[in-house]
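Colleague: Below is the file run_7.pdb, with PDB, C-alpha atoms.
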ATOM      1  CA  GLY A   1     -23.440   6.532  18.861  1.00  0.00           C
ATOM      2  CA  LEU A   2     -24.006   2.819  18.273  1.00  0.00           C
ATOM      3  CA  PHE A   3     -27.103   1.076  16.953  1.00  0.00           C
ATOM      4  CA  SER A   4     -27.925  -2.355  15.553  1.00  0.00           C
ATOM      5  CA  PRO A   5     -30.563  -2.782  12.830  1.00  0.00           C
ATOM      6  CA  ASP A   6     -30.447  -6.531  13.533  1.00  0.00           C
ATOM      7  CA  GLU A   7     -28.568  -8.946  15.774  1.00  0.00           C
ATOM      8  CA  ASN A   8     -25.789  -9.448  13.219  1.00  0.00           C
ATOM      9  CA  THR A   9     -25.178  -5.860  12.114  1.00  0.00           C
ATOM     10  CA  HIS A  10     -23.768  -3.036  14.232  1.00  0.00           C
ATOM     11  CA  ILE A  11     -23.256   0.553  13.061  1.00  0.00           C
ATOM     12  CA  GLY A  12     -21.224   3.143  14.921  1.00  0.00           C
ATOM     13  CA  ILE A  13     -20.865   6.880  14.390  1.00  0.00           C
ATOM     14  CA  SER A  14     -18.349   9.063  16.214  1.00  0.00           C
ATOM     15  CA  TYR A  15     -17.153  12.651  16.055  1.00  0.00           C
ATOM     16  CA  ARG A  16     -14.018  14.167  17.534  1.00  0.00           C
ATOM     17  CA  SER A  17     -13.831  17.948  17.717  1.00  0.00           C
ATOM     18  CA  LYS A  18     -10.728  19.911  16.838  1.00  0.00           C
ATOM     19  CA  VAL A  19      -8.265  20.489  19.682  1.00  0.00           C
ATOM     20  CA  GLU A  20      -6.267  23.673  20.156  1.00  0.00           C
ATOM     21  CA  HIS A  21      -2.839  23.372  21.766  1.00  0.00           C
ATOM     22  CA  LYS A  22      -1.102  26.482  23.094  1.00  0.00           C
ATOM     23  CA  ILE A  23       2.681  26.129  23.202  1.00  0.00           C
ATOM     24  CA  THR A  24       4.540  28.555  25.475  1.00  0.00           C
ATOM     25  CA  GLY A  25       7.993  28.871  26.989  1.00  0.00           C
ATOM     26  CA  GLY A  26       9.827  27.796  23.850  1.00  0.00           C
ATOM     27  CA  ASP A  27      13.353  29.023  23.152  1.00  0.00           C
ATOM     28  CA  ALA A  28      14.466  30.492  19.824  1.00  0.00           C
ATOM     29  CA  THR A  29      18.226  30.611  19.271  1.00  0.00           C
ATOM     30  CA  PHE A  30      19.805  32.521  16.372  1.00  0.00           C
ATOM     31  CA  ASP A  31      23.430  31.845  15.452  1.00  0.00           C
ATOM     32  CA  VAL A  32      24.615  35.126  13.935  1.00  0.00           C
ATOM     33  CA  PRO A  33      28.294  35.928  13.175  1.00  0.00           C
ATOM     34  CA  ALA A  34      29.724  38.571  15.511  1.00  0.00           C
ATOM     35  CA  ASN A  35      30.320  41.163  12.770  1.00  0.00           C
ATOM     36  CA  ALA A  36      26.770  40.773  11.446  1.00  0.00           C
ATOM     37  CA  ALA A  37      25.324  40.879  14.975  1.00  0.00           C
ATOM     38  CA  ALA A  38      26.965  44.261  15.573  1.00  0.00           C
ATOM     39  CA  VAL A  39      25.405  45.689  12.418  1.00  0.00           C
ATOM     40  CA  LEU A  40      21.979  44.224  13.197  1.00  0.00           C
ATOM     41  CA  ALA A  41      22.070  45.604  16.739  1.00  0.00           C
ATOM     42  CA  VAL A  42      22.202  49.115  15.258  1.00  0.00           C
ATOM     43  CA  ALA A  43      20.096  48.698  12.104  1.00  0.00           C
ATOM     44  CA  GLN A  44      17.454  46.317  13.452  1.00  0.00           C
ATOM     45  CA  PRO A  45      17.682  46.177  17.253  1.00  0.00           C
ATOM     46  CA  GLY A  46      16.068  43.157  18.834  1.00  0.00           C
ATOM     47  CA  ARG A  47      16.133  41.026  15.698  1.00  0.00           C
ATOM     48  CA  PHE A  48      17.976  37.739  15.347  1.00  0.00           C
ATOM     49  CA  THR A  49      18.714  37.596  19.064  1.00  0.00           C
ATOM     50  CA  SER A  50      17.939  34.594  21.241  1.00  0.00           C
ATOM     51  CA  THR A  51      14.494  34.921  22.754  1.00  0.00           C
ATOM     52  CA  SER A  52      11.402  32.972  23.736  1.00  0.00           C
ATOM     53  CA  GLY A  53       8.344  32.271  21.654  1.00  0.00           C
ATOM     54  CA  LYS A  54       4.850  30.850  21.617  1.00  0.00           C
ATOM     55  CA  ALA A  55       2.529  29.273  19.092  1.00  0.00           C
ATOM     56  CA  THR A  56      -0.908  27.759  18.740  1.00  0.00           C
ATOM     57  CA  VAL A  57      -1.364  24.436  16.958  1.00  0.00           C
ATOM     58  CA  THR A  58      -4.850  23.197  16.134  1.00  0.00           C
ATOM     59  CA  LEU A  59      -5.426  19.502  15.453  1.00  0.00           C
ATOM     60  CA  PRO A  60      -8.382  18.752  13.181  1.00  0.00           C
ATOM     61  CA  ALA A  61     -11.874  17.479  13.796  1.00  0.00           C
ATOM     62  CA  SER A  62     -12.835  14.082  12.384  1.00  0.00           C
ATOM     63  CA  ALA A  63     -15.949  11.992  11.867  1.00  0.00           C
ATOM     64  CA  THR A  64     -16.060   8.185  11.591  1.00  0.00           C
ATOM     65  CA  LEU A  65     -18.693   5.757  10.340  1.00  0.00           C
ATOM     66  CA  SER A  66     -18.069   2.069  11.075  1.00  0.00           C
ATOM     67  CA  VAL A  67     -20.030  -1.091  10.301  1.00  0.00           C
ATOM     68  CA  THR A  68     -19.595  -4.650  11.592  1.00  0.00           C
ATOM     69  CA  HIS A  69     -21.579  -7.566  10.193  1.00  0.00           C
ATOM     70  CA  ASN A  70     -21.568 -11.211  11.265  1.00  0.00           C
ATOM     71  CA  VAL A  71     -22.025 -13.203   8.060  1.00  0.00           C
ATOM     72  CA  ASN A  72     -22.319 -16.420  10.059  1.00  0.00           C
ATOM     73  CA  ASP A  73     -21.010 -17.948  13.277  1.00  0.00           C
ATOM     74  CA  ARG A  74     -17.449 -18.029  11.938  1.00  0.00           C
ATOM     75  CA  TRP A  75     -17.136 -15.094   9.544  1.00  0.00           C
ATOM     76  CA  THR A  76     -17.262 -11.377  10.426  1.00  0.00           C
ATOM     77  CA  VAL A  77     -16.619  -8.421   8.123  1.00  0.00           C
ATOM     78  CA  MET A  78     -16.106  -4.818   9.183  1.00  0.00           C
ATOM     79  CA  GLY A  79     -15.362  -1.496   7.577  1.00  0.00           C
ATOM     80  CA  ASP A  80     -15.057   2.163   8.417  1.00  0.00           C
ATOM     81  CA  VAL A  81     -14.699   5.565   6.792  1.00  0.00           C
ATOM     82  CA  THR A  82     -13.060   8.536   8.533  1.00  0.00           C
ATOM     83  CA  ARG A  83     -13.111  12.098   7.230  1.00  0.00           C
ATOM     84  CA  THR A  84     -10.599  14.520   8.774  1.00  0.00           C
ATOM     85  CA  ALA A  85     -10.937  18.297   8.384  1.00  0.00           C
ATOM     86  CA  TRP A  86      -7.295  19.306   8.037  1.00  0.00           C
ATOM     87  CA  SER A  87      -7.882  22.304   5.746  1.00  0.00           C
ATOM     88  CA  THR A  88      -9.667  24.439   8.346  1.00  0.00           C
ATOM     89  CA  ALA A  89      -7.377  23.527  11.250  1.00  0.00           C
ATOM     90  CA  PHE A  90      -3.831  23.111   9.992  1.00  0.00           C
ATOM     91  CA  ASP A  91      -3.391  25.597   7.175  1.00  0.00           C
ATOM     92  CA  GLN A  92      -0.528  27.423   8.866  1.00  0.00           C
ATOM     93  CA  VAL A  93       1.243  27.797  12.222  1.00  0.00           C
ATOM     94  CA  THR A  94       2.527  31.171  13.437  1.00  0.00           C
ATOM     95  CA  ILE A  95       5.436  31.436  15.885  1.00  0.00           C
ATOM     96  CA  ASP A  96       5.182  34.648  17.934  1.00  0.00           C
ATOM     97  CA  TYR A  97       8.559  35.777  19.284  1.00  0.00           C
ATOM     98  CA  ALA A  98       8.861  37.784  22.498  1.00  0.00           C
ATOM     99  CA  SER A  99      11.451  40.086  20.909  1.00  0.00           C
ATOM    100  CA  ALA A 100      11.199  42.424  17.924  1.00  0.00           C
ATOM    101  CA  GLN A 101      11.831  39.445  15.667  1.00  0.00           C
ATOM    102  CA  PRO A 102       9.024  39.214  13.069  1.00  0.00           C
ATOM    103  CA  ASP A 103       6.688  36.252  13.426  1.00  0.00           C
ATOM    104  CA  SER A 104       7.611  33.044  11.610  1.00  0.00           C
ATOM    105  CA  VAL A 105       4.710  31.686   9.587  1.00  0.00           C
ATOM    106  CA  LEU A 106       4.893  27.992   8.688  1.00  0.00           C
ATOM    107  CA  GLU A 107       2.684  27.274   5.696  1.00  0.00           C
ATOM    108  CA  PHE A 108       1.251  23.755   5.585  1.00  0.00           C
ATOM    109  CA  GLY A 109      -1.723  24.111   3.239  1.00  0.00           C
ATOM    110  CA  TYR A 110      -3.152  20.752   4.285  1.00  0.00           C
ATOM    111  CA  ARG A 111      -6.244  19.352   2.572  1.00  0.00           C
ATOM    112  CA  ASP A 112      -9.098  17.343   4.053  1.00  0.00           C
ATOM    113  CA  THR A 113      -8.522  13.585   3.959  1.00  0.00           C
ATOM    114  CA  THR A 114     -10.459  10.334   3.835  1.00  0.00           C
ATOM    115  CA  PHE A 115      -9.406   7.038   5.405  1.00  0.00           C
ATOM    116  CA  VAL A 116     -11.240   3.896   4.256  1.00  0.00           C
ATOM    117  CA  SER A 117     -10.664   0.386   5.598  1.00  0.00           C
ATOM    118  CA  LEU A 118     -12.166  -3.068   5.174  1.00  0.00           C
ATOM    119  CA  GLY A 119     -11.338  -6.060   7.357  1.00  0.00           C
ATOM    120  CA  THR A 120     -12.467  -9.549   8.182  1.00  0.00           C
ATOM    121  CA  ASP A 121     -12.186 -12.207  10.900  1.00  0.00           C
ATOM    122  CA  TYR A 122     -12.651 -15.891  10.183  1.00  0.00           C
ATOM    123  CA  LYS A 123     -12.757 -18.542  12.904  1.00  0.00           C
ATOM    124  CA  LEU A 124     -10.857 -21.427  11.411  1.00  0.00           C
ATOM    125  CA  SER A 125     -11.577 -23.474  14.519  1.00  0.00           C
ATOM    126  CA  ASP A 126     -12.602 -22.944  18.112  1.00  0.00           C
ATOM    127  CA  THR A 127      -9.035 -21.896  18.955  1.00  0.00           C
ATOM    128  CA  VAL A 128      -7.695 -20.235  15.765  1.00  0.00           C
ATOM    129  CA  THR A 129      -8.943 -17.000  14.158  1.00  0.00           C
ATOM    130  CA  LEU A 130      -7.559 -15.638  10.880  1.00  0.00           C
ATOM    131  CA  ARG A 131      -7.607 -11.892  10.230  1.00  0.00           C
ATOM    132  CA  GLY A 132      -6.997  -9.662   7.240  1.00  0.00           C
ATOM    133  CA  GLY A 133      -7.588  -6.115   6.118  1.00  0.00           C
ATOM    134  CA  ILE A 134      -6.937  -3.440   3.531  1.00  0.00           C
ATOM    135  CA  ALA A 135      -7.057   0.347   3.812  1.00  0.00           C
ATOM    136  CA  LEU A 136      -6.535   3.540   1.848  1.00  0.00           C
ATOM    137  CA  ASP A 137      -4.954   6.337   3.906  1.00  0.00           C
ATOM    138  CA  GLN A 138      -4.939   9.697   2.114  1.00  0.00           C
ATOM    139  CA  THR A 139      -2.214  12.191   3.017  1.00  0.00           C
ATOM    140  CA  PRO A 140      -3.148  15.783   3.885  1.00  0.00           C
ATOM    141  CA  THR A 141      -0.032  17.097   2.104  1.00  0.00           C
ATOM    142  CA  THR A 142      -0.097  18.259  -1.508  1.00  0.00           C
ATOM    143  CA  ASN A 143       2.615  18.604  -4.129  1.00  0.00           C
ATOM    144  CA  ALA A 144       2.381  22.399  -3.863  1.00  0.00           C
ATOM    145  CA  HIS A 145       3.034  22.500  -0.102  1.00  0.00           C
ATOM    146  CA  ARG A 146       4.973  19.318   0.717  1.00  0.00           C
ATOM    147  CA  ASP A 147       8.337  20.045   2.344  1.00  0.00           C
ATOM    148  CA  VAL A 148      11.164  18.367   4.245  1.00  0.00           C
ATOM    149  CA  ARG A 149       9.376  18.703   7.605  1.00  0.00           C
ATOM    150  CA  VAL A 150       6.620  16.273   6.629  1.00  0.00           C
ATOM    151  CA  PRO A 151       7.456  14.502   3.337  1.00  0.00           C
ATOM    152  CA  ASP A 152       4.245  12.508   3.581  1.00  0.00           C
ATOM    153  CA  THR A 153       2.397  10.551   0.899  1.00  0.00           C
ATOM    154  CA  SER A 154      -0.811   8.545   0.586  1.00  0.00           C
ATOM    155  CA  ARG A 155      -0.641   4.910   1.641  1.00  0.00           C
ATOM    156  CA  LYS A 156      -2.354   1.616   0.945  1.00  0.00           C
ATOM    157  CA  TRP A 157      -2.413  -0.848   3.833  1.00  0.00           C
ATOM    158  CA  LEU A 158      -2.394  -4.634   3.750  1.00  0.00           C
ATOM    159  CA  SER A 159      -2.579  -6.481   7.059  1.00  0.00           C
ATOM    160  CA  LEU A 160      -2.665 -10.149   8.023  1.00  0.00           C
ATOM    161  CA  GLY A 161      -3.020 -11.709  11.431  1.00  0.00           C
ATOM    162  CA  VAL A 162      -3.837 -14.785  13.433  1.00  0.00           C
ATOM    163  CA  GLY A 163      -5.227 -15.295  16.907  1.00  0.00           C
ATOM    164  CA  TRP A 164      -4.744 -18.448  18.941  1.00  0.00           C
ATOM    165  CA  THR A 165      -6.731 -19.219  22.081  1.00  0.00           C
ATOM    166  CA  PRO A 166      -5.392 -22.467  23.560  1.00  0.00           C
ATOM    167  CA  SER A 167      -7.474 -22.070  26.725  1.00  0.00           C
ATOM    168  CA  GLU A 168     -10.174 -19.891  28.226  1.00  0.00           C
ATOM    169  CA  ASN A 169      -7.559 -17.805  30.043  1.00  0.00           C
ATOM    170  CA  VAL A 170      -4.897 -17.207  27.399  1.00  0.00           C
ATOM    171  CA  GLU A 171      -4.994 -15.596  23.947  1.00  0.00           C
ATOM    172  CA  TYR A 172      -2.047 -15.008  21.590  1.00  0.00           C
ATOM    173  CA  ASN A 173      -2.242 -12.568  18.673  1.00  0.00           C
ATOM    174  CA  PHE A 174       0.231 -12.050  15.837  1.00  0.00           C
ATOM    175  CA  GLY A 175      -0.015  -9.503  13.030  1.00  0.00           C
ATOM    176  CA  TYR A 176       1.845  -8.087  10.047  1.00  0.00           C
ATOM    177  CA  LEU A 177       1.217  -4.806   8.236  1.00  0.00           C
ATOM    178  CA  HIS A 178       2.768  -3.574   4.986  1.00  0.00           C
ATOM    179  CA  LEU A 179       2.375  -0.072   3.558  1.00  0.00           C
ATOM    180  CA  PHE A 180       2.340   0.441  -0.207  1.00  0.00           C
ATOM    181  CA  THR A 181       3.446   3.992  -1.050  1.00  0.00           C
ATOM    182  CA  LYS A 182       4.783   6.190  -3.805  1.00  0.00           C
ATOM    183  CA  ASP A 183       8.012   8.070  -3.184  1.00  0.00           C
ATOM    184  CA  PRO A 184       6.994  11.725  -2.642  1.00  0.00           C
ATOM    185  CA  ASP A 185       8.755  14.606  -4.399  1.00  0.00           C
ATOM    186  CA  VAL A 186       9.683  17.845  -2.638  1.00  0.00           C
ATOM    187  CA  THR A 187      10.290  21.118  -4.481  1.00  0.00           C
ATOM    188  CA  ILE A 188      10.826  24.328  -2.512  1.00  0.00           C
ATOM    189  CA  ALA A 189      11.559  27.571  -4.359  1.00  0.00           C
ATOM    190  CA  GLY A 190      14.369  29.694  -2.941  1.00  0.00           C
ATOM    191  CA  THR A 191      13.348  32.780  -0.973  1.00  0.00           C
ATOM    192  CA  THR A 192      16.664  34.095   0.360  1.00  0.00           C
ATOM    193  CA  ASN A 193      18.050  35.404  -2.944  1.00  0.00           C
ATOM    194  CA  ASN A 194      17.030  36.278  -6.478  1.00  0.00           C
ATOM    195  CA  GLN A 195      19.028  33.562  -8.199  1.00  0.00           C
ATOM    196  CA  GLY A 196      16.081  31.197  -8.574  1.00  0.00           C
ATOM    197  CA  ASN A 197      17.626  28.493  -6.402  1.00  0.00           C
ATOM    198  CA  ALA A 198      15.313  25.707  -5.250  1.00  0.00           C
ATOM    199  CA  LEU A 199      15.493  22.660  -3.021  1.00  0.00           C
ATOM    200  CA  THR A 200      14.361  19.526  -4.818  1.00  0.00           C
ATOM    201  CA  GLY A 201      14.423  15.927  -3.714  1.00  0.00           C
ATOM    202  CA  LYS A 202      12.670  12.596  -3.545  1.00  0.00           C
ATOM    203  CA  TYR A 203      11.942  10.681  -0.346  1.00  0.00           C
ATOM    204  CA  LYS A 204      11.600   6.956   0.098  1.00  0.00           C
ATOM    205  CA  VAL A 205       8.693   6.013   2.342  1.00  0.00           C
ATOM    206  CA  ARG A 206       8.485   2.406   3.508  1.00  0.00           C
ATOM    207  CA  GLY A 207       6.573   0.682   6.263  1.00  0.00           C
ATOM    208  CA  ASP A 208       6.466  -2.832   7.680  1.00  0.00           C
ATOM    209  CA  VAL A 209       5.051  -3.545  11.122  1.00  0.00           C
ATOM    210  CA  LEU A 210       5.141  -6.761  13.133  1.00  0.00           C
ATOM    211  CA  ALA A 211       2.972  -7.036  16.222  1.00  0.00           C
ATOM    212  CA  ALA A 212       2.418  -9.638  18.918  1.00  0.00           C
ATOM    213  CA  SER A 213       0.370  -9.654  22.091  1.00  0.00           C
ATOM    214  CA  VAL A 214      -0.620 -11.976  24.903  1.00  0.00           C
ATOM    215  CA  ASN A 215      -3.873 -11.596  26.836  1.00  0.00           C
ATOM    216  CA  TYR A 216      -4.362 -13.440  30.085  1.00  0.00           C
ATOM    217  CA  LYS A 217      -7.616 -13.544  32.024  1.00  0.00           C
ATOM    218  CA  PHE A 218      -7.275 -13.995  35.772  1.00  0.00           C
TER     219      PHE A 218
END
As structure tokens, what does this structure read like?
Modeller:
Amino acid sequence: GLFSPDENTHIGISYRSKVEHKITGGDATFDVPANAAAVLAVAQPGRFTSTSGKATVTLPASATLSVTHNVNDRWTVMGDVTRTAWSTAFDQVTIDYASAQPDSVLEFGYRDTTFVSLGTDYKLSDTVTLRGGIALDQTPTTNAHRDVRVPDTSRKWLSLGVGWTPSENVEYNFGYLHLFTKDPDVTIAGTTNNQGNALTGKYKVRGDVLAASVNYKF
């Protein structure tokens, strides 16, 4: 929904429901040494043999509140807040094999997240517009559940841009985005033996984005 309390202020509210994706026809291949395969065929028939599988992945619902305000003829500020319900949608994913192989359960343990952004446009002249923005993007991963599949971390955004409109028909836009992050740690306790082995590591997360576009009106 969109409503305007006055001619200079516009408020928008949107909601996106969760989406369930059913994945079928996947192949699961197990590379088992020949001597072990012979033993497994007798002791646990149907296990660790190549087969097909299926899974259901649910992407989360989200709600967004956005506000745009024209301070004057040249200056506009805007902001939005988005809340995403990861915890009820993406806690775990189960892979169901067609054979006697036990299901594989992928634990994600995601938490709900909040994304907050604030931006501004300033018309330096009739042909040049300056843009800037900041944002806080919270990761759904936690230290307890972060792993090598998604070594994600929370991010702070800083963006700068400029728009140039030399004529009524042509518009050029240039932008730069930098992500400020902390390097996430990953610690996974061993589960295949009783020796207490664990996988530990630190990931470097960096992000710089350059963008350019040309709009032409016929």
Colleague: Write out as number ranges by chain each polymer residue whose atoms come within 6 Å of stretch 57-70 of chain A, counting all atoms listed in the file; drop sequence neighbours fewer than 6 positions from it.
Modeller: A: 8-21, 76-86, 89
Colleague: Compile the contact shell of stretch 25-28 of chain A as a PDB file with C-alpha atoms, keeping the file's coordinate frame: residues with an atom at most 6 Å away, counting all atoms listed in the file, same-chain residues fewer than 4 positions apart removed.
Modeller:
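The resulting file, out38.pdb, is reproduced below:
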ATOM      1  CA  SER A  50      17.939  34.594  21.241  1.00  0.00           C
ATOM      2  CA  THR A  51      14.494  34.921  22.754  1.00  0.00           C
ATOM      3  CA  SER A  52      11.402  32.972  23.736  1.00  0.00           C
ATOM      4  CA  GLY A  53       8.344  32.271  21.654  1.00  0.00           C
TER       5      GLY A  53
END
Colleague: Rank A:Asn169, A:Phe108, A:Tyr122, A:Phe180 by their smallest atom-to-atom distance to A:Leu136, using all atoms listed in the file, and report the top residue only.
Modeller: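 Among the listed residues, A:Phe180 lies closest to A:Leu136.
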Colleague: Mind checking which residues fall within 12 Å of A:Thr24, counting all atoms listed in the file, ignoring those fewer than 6 positions away in the same chain, and posting them as a list in words?
Modeller: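 Selected residues are Ser52, Gly53, Lys54, Ala55, Thr56, Val57, Ile95, Asp96, Tyr97 and Ala98 of chain A.
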Colleague: Kindly save the residues from that selection, with C-alpha atoms included, as an mmCIF file, in the frame of the given file.
Modeller:
data_model
loop_
_atom_site.group_PDB
_atom_site.id
_atom_site.type_symbol
_atom_site.label_atom_id
_atom_site.label_comp_id
_atom_site.auth_asym_id
_atom_site.auth_seq_id
_atom_site.Cartn_x
_atom_site.Cartn_y
_atom_site.Cartn_z
ATOM 1 C CA SER A 52 11.402 32.972 23.736
ATOM 2 C CA GLY A 53 8.344 32.271 21.654
ATOM 3 C CA LYS A 54 4.850 30.850 21.617
ATOM 4 C CA ALA A 55 2.529 29.273 19.092
ATOM 5 C CA THR A 56 -0.908 27.759 18.740
ATOM 6 C CA VAL A 57 -1.364 24.436 16.958
ATOM 7 C CA ILE A 95 5.436 31.436 15.885
ATOM 8 C CA ASP A 96 5.182 34.648 17.934
ATOM 9 C CA TYR A 97 8.559 35.777 19.284
ATOM 10 C CA ALA A 98 8.861 37.784 22.498
#
Colleague: Closest to A:Leu106 among A:Arg149, A:Lys217, A:Arg131, A:Lys123, using all atoms listed in the file?
Modeller: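 Looking at the shortest contact to A:Leu106, the residue is A:Arg149.
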Colleague: Quick check, in Å to one decimal: how far apart do atom CA of A:Lys204 and atom CA of A:Lys182 lie?
Modeller: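 Rounded to one decimal, the two atoms are 7.9 Å apart.
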Colleague: In terms of the shortest atom-to-atom distance over only C-alpha atoms, which of A:Tyr172, A:Trp164, A:Tyr203, A:Phe90 is closest to A:Tyr216?
Modeller: A:Tyr172
Colleague: When you draw a straight line from atom CA of A:Phe30 to atom CA of A:Val150, how long is it in Å?
Modeller: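 Those two atoms sit 23.1 Å apart.
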Colleague: Carefully work through the PyMOL selection byres ((chain A and resi 183) around 9) for this structure and note down the residues it includes, as number ranges by chain.
Modeller: A: 152-153, 181-182, 184-185, 202-206
Colleague: Between atom CA of A:Ala144 and atom CA of A:Asp103, what is the spacing in Å?
Modeller: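 Distance between the two atoms: 22.6 Å.
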Colleague: When the PyMOL selection byres ((chain A and resi 110) around 8) is applied to the structure above, which residues does it catch, written out as a list in words?
Modeller: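 That selection, the PyMOL selection byres ((chain A and resi 110) around 8), comes back as Trp86, Ser87, Phe90, Asp91, Phe108, Gly109, Arg111, Asp112, Pro140, Thr141, Thr142 and His145 of chain A.
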Colleague: Quick one: of A:Glu107, A:Ala211, A:Val116, A:Leu130, who's nearest to A:Ile188, counting all atoms listed in the file?
Modeller: A:Glu107
Colleague: Assuming the chain letters and numbering stay as they are in my file, what does the PyMOL selection byres ((chain A and resi 207) around 6) actually select? List them as a tab-separated table (two decimals) with C-alpha atoms, keeping the file's coordinate frame.
Modeller:
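Output contents, as saved in part_22.tsv:
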chain	number	residue	atom	x	y	z
A	178	HIS	CA	2.77	-3.57	4.99
A	179	LEU	CA	2.38	-0.07	3.56
A	206	ARG	CA	8.48	2.41	3.51
A	208	ASP	CA	6.47	-2.83	7.68
Colleague: Hey, can you pull every residue with an atom no more than 8 Å from (-12.6, -6.1, 5.0), using only C-alpha atoms, and send it as a short mmCIF file (atom, residue, chain, number, x, y, z; two decimals) with C-alpha atoms, in the frame of the given file?
Modeller:
data_model
loop_
_atom_site.label_atom_id
_atom_site.label_comp_id
_atom_site.auth_asym_id
_atom_site.auth_seq_id
_atom_site.Cartn_x
_atom_site.Cartn_y
_atom_site.Cartn_z
CA VAL A 77 -16.62 -8.42 8.12
CA MET A 78 -16.11 -4.82 9.18
CA GLY A 79 -15.36 -1.50 7.58
CA SER A 117 -10.66 0.39 5.60
CA LEU A 118 -12.17 -3.07 5.17
CA GLY A 119 -11.34 -6.06 7.36
CA THR A 120 -12.47 -9.55 8.18
CA GLY A 132 -7.00 -9.66 7.24
CA GLY A 133 -7.59 -6.12 6.12
CA ILE A 134 -6.94 -3.44 3.53
#
Colleague: Just want the 7 Å neighbourhood of stretch 37-46 of chain A, counted on all atoms listed in the file, with same-chain residues fewer than 6 positions away dropped. Output as a list in words.
Modeller: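 Listing them by chain and then by number gives Ser99, Ala100 and Gln101 of chain A.
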